[in-house]
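A.B. asks: This one is run02.txt, compact mmCIF, C-alpha atoms and all ligand atoms.
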```
# COMPACT_ATOMS: atom_id res chain seq x y z
CA MET M 9 159.76 124.62 23.65
CA ARG M 10 157.52 122.32 21.67
CA ILE M 11 154.12 121.50 23.09
CA GLY M 12 151.71 118.76 22.10
CA VAL M 13 148.09 119.57 22.94
CA LEU M 14 145.52 116.82 23.58
CA VAL M 15 141.87 117.77 23.06
CA SER M 16 138.46 116.12 22.81
CA GLY M 17 135.97 118.92 22.20
CA ARG M 18 135.39 122.64 21.91
CA GLY M 19 139.05 123.65 22.13
CA SER M 20 138.66 127.10 23.66
CA ASN M 21 141.77 126.54 25.80
CA LEU M 22 143.66 125.47 22.68
CA GLN M 23 142.41 128.71 21.08
CA ALA M 24 143.75 130.73 24.03
CA ILE M 25 147.16 129.09 23.54
CA ILE M 26 147.11 129.79 19.78
CA ASP M 27 146.02 133.41 20.33
CA ASN M 28 148.81 134.03 22.83
CA ILE M 29 151.36 132.51 20.45
CA GLU M 30 150.07 134.68 17.61
CA LYS M 31 150.25 137.77 19.84
CA GLY M 32 153.88 136.90 20.63
CA LYS M 33 153.19 136.57 24.36
CA LEU M 34 153.66 132.82 24.47
CA LYS M 35 156.89 131.74 22.85
CA VAL M 36 156.35 128.05 22.08
CA ASP M 37 155.58 125.94 19.01
CA ILE M 38 152.69 123.52 18.61
CA PRO M 39 154.01 120.79 16.30
CA LEU M 40 150.98 118.61 17.04
CA VAL M 41 147.43 118.65 18.37
CA ILE M 42 145.88 115.22 18.99
CA SER M 43 142.13 114.76 19.23
CA ASP M 44 140.51 111.47 20.21
CA ASN M 45 137.28 112.82 18.70
CA PRO M 46 136.98 113.38 14.95
CA GLU M 47 134.07 115.81 15.53
CA ALA M 48 135.97 118.06 17.96
CA LYS M 49 135.49 121.76 17.26
CA ALA M 50 139.13 122.11 18.28
CA LEU M 51 140.09 120.65 14.89
CA GLU M 52 138.44 123.56 13.05
CA ARG M 53 140.60 125.88 15.12
CA CYS M 54 143.71 123.94 14.03
CA LYS M 55 142.70 124.22 10.35
CA ARG M 56 141.98 127.94 10.68
CA HIS M 57 145.37 128.66 12.26
CA GLY M 58 147.52 126.17 10.34
CA VAL M 59 148.27 124.07 13.42
CA PRO M 60 149.18 120.43 12.61
CA TYR M 61 146.75 117.91 14.04
CA LYS M 62 145.94 114.21 14.09
CA VAL M 63 142.79 112.37 15.05
CA ILE M 64 143.60 109.26 17.07
CA GLU M 65 140.47 107.44 18.09
CA ARG M 66 140.41 104.97 20.96
CA LYS M 67 138.10 102.65 19.03
CA ALA M 68 140.70 102.18 16.29
CA PHE M 69 142.85 100.19 18.74
CA LYS M 70 142.53 96.82 20.45
CA ASN M 71 143.11 98.27 23.89
CA LYS M 72 144.00 101.44 25.77
CA ARG M 73 147.70 100.56 25.80
CA GLU M 74 147.93 100.46 22.01
CA PHE M 75 145.94 103.70 21.74
CA GLU M 76 148.33 105.42 24.12
CA GLU M 77 151.40 103.91 22.43
CA ARG M 78 150.30 105.56 19.21
CA MET M 79 149.89 108.92 20.91
CA VAL M 80 153.31 108.59 22.57
CA MET M 81 154.87 107.67 19.21
CA GLU M 82 153.37 110.71 17.49
CA LEU M 83 154.34 113.09 20.31
CA GLU M 84 157.90 111.73 20.50
CA ASP M 85 158.18 111.86 16.72
CA LYS M 86 157.41 115.59 16.85
CA GLY M 87 159.94 116.15 19.64
CA VAL M 88 157.32 117.37 22.09
CA ASP M 89 158.77 118.69 25.38
CA LEU M 90 155.48 119.30 27.18
CA VAL M 91 152.08 117.64 26.80
CA VAL M 92 149.13 119.94 27.52
CA LEU M 93 145.75 118.39 28.29
CA ALA M 94 143.22 121.01 27.20
CA GLY M 95 139.83 119.41 27.60
CA PHE M 96 141.08 115.89 26.88
CA MET M 97 138.32 113.67 28.21
CA ARG M 98 140.29 110.49 28.91
CA VAL M 99 142.25 109.40 31.94
CA LEU M 100 145.83 108.60 30.94
CA SER M 101 147.40 105.41 32.24
CA PRO M 102 150.61 105.15 34.29
CA TYR M 103 152.29 103.95 31.07
CA PHE M 104 151.59 107.21 29.22
CA ILE M 105 152.44 109.34 32.24
CA SER M 106 155.78 107.54 32.73
CA LYS M 107 156.76 108.56 29.20
CA PHE M 108 156.51 112.27 30.11
CA PRO M 109 157.43 112.57 33.81
CA LEU M 110 156.44 116.05 35.11
CA ARG M 111 155.99 117.05 31.49
CA ILE M 112 152.20 116.77 31.30
CA ILE M 113 149.90 119.52 32.55
CA ASN M 114 146.13 119.69 32.80
CA ILE M 115 143.56 122.44 33.25
CA HIS M 116 140.66 121.66 35.57
CA PRO M 117 137.64 123.91 36.24
CA SER M 118 137.72 123.94 40.05
CA ILE M 119 139.99 124.86 42.91
CA LEU M 120 141.58 121.46 43.43
CA PRO M 121 141.50 119.32 45.49
CA SER M 122 137.79 120.19 45.54
CA PHE M 123 135.53 118.82 42.83
CA LYS M 124 137.72 116.43 40.90
CA GLY M 125 136.37 114.63 37.85
CA LEU M 126 133.47 115.47 35.57
CA ASP M 127 131.18 118.52 35.84
CA ALA M 128 133.32 120.29 38.42
CA GLN M 129 131.30 123.49 37.99
CA GLY M 130 128.00 121.67 38.63
CA GLN M 131 129.57 119.95 41.65
CA ALA M 132 130.59 123.37 43.01
CA ILE M 133 127.09 124.83 42.55
CA ARG M 134 125.41 121.80 44.14
CA TYR M 135 127.81 121.84 47.08
CA GLY M 136 127.02 125.50 47.67
CA VAL M 137 130.57 126.88 47.73
CA LEU M 138 130.90 130.66 47.43
CA PHE M 139 134.16 130.54 45.52
CA SER M 140 135.37 128.22 42.82
CA GLY M 141 137.81 128.68 39.95
CA CYS M 142 140.36 126.72 37.97
CA THR M 143 143.65 124.93 38.45
CA VAL M 144 146.61 124.09 36.25
CA HIS M 145 148.49 121.10 37.64
CA PHE M 146 151.06 118.51 36.69
CA VAL M 147 149.52 115.18 35.80
CA ASP M 148 150.48 112.21 37.92
CA GLU M 149 148.84 108.83 38.33
CA THR M 150 145.95 110.23 40.34
CA VAL M 151 142.97 111.82 38.58
CA ASP M 152 143.16 115.64 38.92
CA GLY M 153 145.60 115.10 41.79
CA GLY M 154 149.10 116.12 40.67
CA PRO M 155 151.15 119.08 42.00
CA ILE M 156 149.38 122.43 41.57
CA ILE M 157 151.11 125.13 39.50
CA ALA M 158 148.51 127.93 39.37
CA GLN M 159 144.95 128.63 40.39
CA ALA M 160 142.46 131.40 39.73
CA VAL M 161 139.61 132.07 42.13
CA VAL M 162 136.13 132.98 40.86
CA PRO M 163 133.19 133.86 43.14
CA VAL M 164 129.92 131.99 42.75
CA PHE M 165 127.03 134.44 42.45
CA PRO M 166 123.79 133.85 44.34
CA GLY M 167 121.42 131.63 42.37
CA GLU M 168 123.95 131.19 39.58
CA SER M 169 123.60 128.29 37.13
CA SER M 170 126.42 125.92 36.49
CA ASP M 171 126.59 127.10 32.84
CA SER M 172 127.06 130.69 33.93
CA LEU M 173 129.77 129.74 36.43
CA ALA M 174 131.47 127.56 33.81
CA LYS M 175 131.65 130.52 31.38
CA ARG M 176 133.12 132.82 34.00
CA ILE M 177 135.67 130.22 35.10
CA LEU M 178 136.61 129.66 31.45
CA ASN M 179 137.82 133.28 31.14
CA TYR M 180 140.38 132.51 33.81
CA GLU M 181 141.30 129.14 32.34
CA HIS M 182 142.24 131.02 29.19
CA ARG M 183 144.64 133.18 31.19
CA ILE M 184 146.31 130.72 33.53
CA LEU M 185 146.95 127.92 31.05
CA PRO M 186 149.03 130.03 28.59
CA GLN M 187 150.73 131.71 31.56
CA VAL M 188 151.84 128.36 33.03
CA ILE M 189 153.07 127.13 29.64
CA GLN M 190 155.16 130.30 29.30
CA TRP M 191 156.57 129.85 32.82
CA ILE M 192 157.56 126.25 32.06
CA SER M 193 159.12 127.25 28.72
CA GLU M 194 161.24 129.82 30.56
CA GLY M 195 162.49 127.09 32.93
CA ARG M 196 161.00 128.87 35.93
CA VAL M 197 158.90 126.05 37.37
CA TYR M 198 160.46 123.85 40.07
CA VAL M 199 158.74 120.86 41.65
CA LYS M 200 159.61 119.24 44.96
CA GLY M 201 157.10 116.64 46.04
CA ARG M 202 153.74 118.36 45.91
CA GLU M 203 155.18 121.85 46.13
CA VAL M 204 155.65 123.89 43.01
CA LYS M 205 157.65 127.10 42.95
CA VAL M 206 157.65 129.53 40.08
CA LYS M 207 160.82 131.59 40.03
CA GLY M 208 160.11 135.31 39.96
CA ALA M 209 156.32 134.95 39.99
CA THR M 210 154.64 137.17 42.54
CA TYR M 211 151.55 135.01 42.74
CA GLY M 212 150.30 131.56 41.87
CA THR M 213 146.73 132.70 41.71
CA ILE M 214 144.91 135.27 39.61
CA PRO M 215 142.41 137.14 41.78
CA PHE M 216 138.88 137.97 40.75
CA ASN M 217 138.88 140.70 38.13
CA PRO M 218 135.52 142.24 37.18
CA ASP M 219 136.95 143.28 33.77
CA LEU M 220 136.99 139.64 32.80
CA GLU M 221 133.30 139.30 33.52
CA GLN M 222 132.42 140.62 30.08
CA PHE M 223 132.03 137.84 27.58
C1 LIG W 301 137.56 123.13 30.33
O1 LIG W 301 136.58 123.57 31.24
C2 LIG W 301 138.70 122.46 31.06
O2 LIG W 301 138.95 123.01 32.31
C3 LIG W 301 138.20 121.04 31.20
O3 LIG W 301 137.53 120.78 29.99
C4 LIG W 301 137.05 122.01 29.44
C5 LIG W 301 137.62 122.10 28.05
O4 LIG W 301 137.13 123.23 27.36
N1 LIG W 301 139.30 120.14 31.46
P1 LIG W 301 137.76 123.60 25.95
O5 LIG W 301 137.64 122.36 25.07
O6 LIG W 301 139.17 124.01 26.15
O7 LIG W 301 136.90 124.72 25.42
```
Any chance you could put this one into structure tokens?

C.D. replies:
Amino acid sequence: MRIGVLVSGRGSNLQAIIDNIEKGKLKVDIPLVISDNPEAKALERCKRHGVPYKVIERKAFKNKREFEERMVMELEDKGVDLVVLAGFMRVLSPYFISKFPLRIINIHPSILPSFKGLDAQGQAIRYGVLFSGCTVHFVDETVDGGPIIAQAVVPVFPGESSDSLAKRILNYEHRILPQVIQWISEGRVYVKGREVKVKGATYGTIPFNPDLEQF
């Protein structure tokens, strides 16, 4: 399977994908990473690991439609089967989504449907929840609202800052995103309405694991 990864910033989830490919655990190719931000640290990761990338900036186009048309063209040109949003900070339009039906996934740092949108970890802290986590879901026309494929639950410690929670959630993001990509590449993910079934998977969630608390 060929995946196209869309990024805007740090790229630690992209790094987790690359690391799992290099370890032989994740058996997919990345023919293209697209960043809408020329300063994204994710691009250094591409250079370091020989992953092809393109910078496509929104401001280089007259409107959002033309910007997205260019991304679609590049992804189709590379024969991408699955589009992975890994910290891509733009909301995709129905046009883009219609080009890859149930073939776009996103990672979000909360247990959806709670805390959609920006600063999900800060929203969780301010709300006072005792558990948060991360979600990998299919992208549909709603923001952070498509069918859920996997979640990992992370407890919120008393008095914890949103930065600390974000770091601990990130450890789990780095596990569930490559896992879901591998499941999809093996043809094990079935979607019916909002319900997603993963053939042969014993769980859709990764429980709290203190070993992952070391970072
Ligand atoms: C992650 O927290 C992800 O859940 C959210 O954006 C952040 C991207 O981090 N969508 P990185 O660029 O992968 O390090």

A.B. asks: Kindly indicate which residue among M:Gln187, M:Ser43, M:Ser140, M:Asn28 lies nearest to Val15 of chain M, using all atoms listed in the file for the distances.

C.D. replies: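 When distances to Val15 of chain M are compared using all atoms listed in the file, the smallest one comes from M:Ser43.
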
A.B. asks: Would you give the centre and edge lengths, in Å to one decimal, of a box along x, y and z around the listed atoms of ligand LIG 301 (chain W), with 4 Å added to each side, as lines of an AutoDock Vina configuration file?

C.D. replies:
```
center_x = 137.9
center_y = 122.4
center_z = 28.7
size_x = 10.7
size_y = 12.6
size_z = 15.2
```

A.B. asks: Dump the neighbourhood of ligand LIG 301 (chain W) as a PyMOL selection string: all residues within 9 Å, distances computed on all atoms listed in the file.

C.D. replies: chain M and resi 15-24+48-50+93-97+114-118+125-129+142-144+174-175+177-178+181-182

A.B. asks: Quick one, how far is atom CA of Arg183 of chain M from atom CA of Lys207 of chain M?

C.D. replies: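 Separation between atom CA of Arg183 of chain M and atom CA of Lys207 of chain M: 18.5 Å.
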
A.B. asks: Return the single residue from M:Ile38, M:Leu110, M:Ala158, M:Val151 that is closest to Val206 of chain M, with distances computed using only C-alpha atoms.

C.D. replies: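 Of M:Ile38, M:Leu110, M:Ala158, M:Val151, the one nearest Val206 of chain M is M:Ala158, counting only C-alpha atoms.
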
A.B. asks: As an exercise, work out the distance from atom CA of Asn45 of chain M to atom CA of Ile64 of chain M in Å and give it to one decimal place.

C.D. replies: 7.4 Å

A.B. asks: Could you work out how far atom CA of Ile156 of chain M lies from atom CA of Tyr180 of chain M, giving the answer in Å with one decimal?

C.D. replies: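 Atom CA of Ile156 of chain M lies 15.6 Å from atom CA of Tyr180 of chain M.
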
A.B. asks: As a ChimeraX atom specification, please: the residues near Lys205 of chain M (cut-off 12 Å, only C-alpha atoms, same-chain neighbours under 4 positions excluded).

C.D. replies: /M:155-158,188,191-192,195-201,209-212

A.B. asks: For Ile133 of chain M, which residue out of M:Pro166, M:Gly208, M:Pro46, M:Pro39 is the nearest one, using only C-alpha atoms?

C.D. replies: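 Of all the options, M:Pro166 lies closest to Ile133 of chain M.
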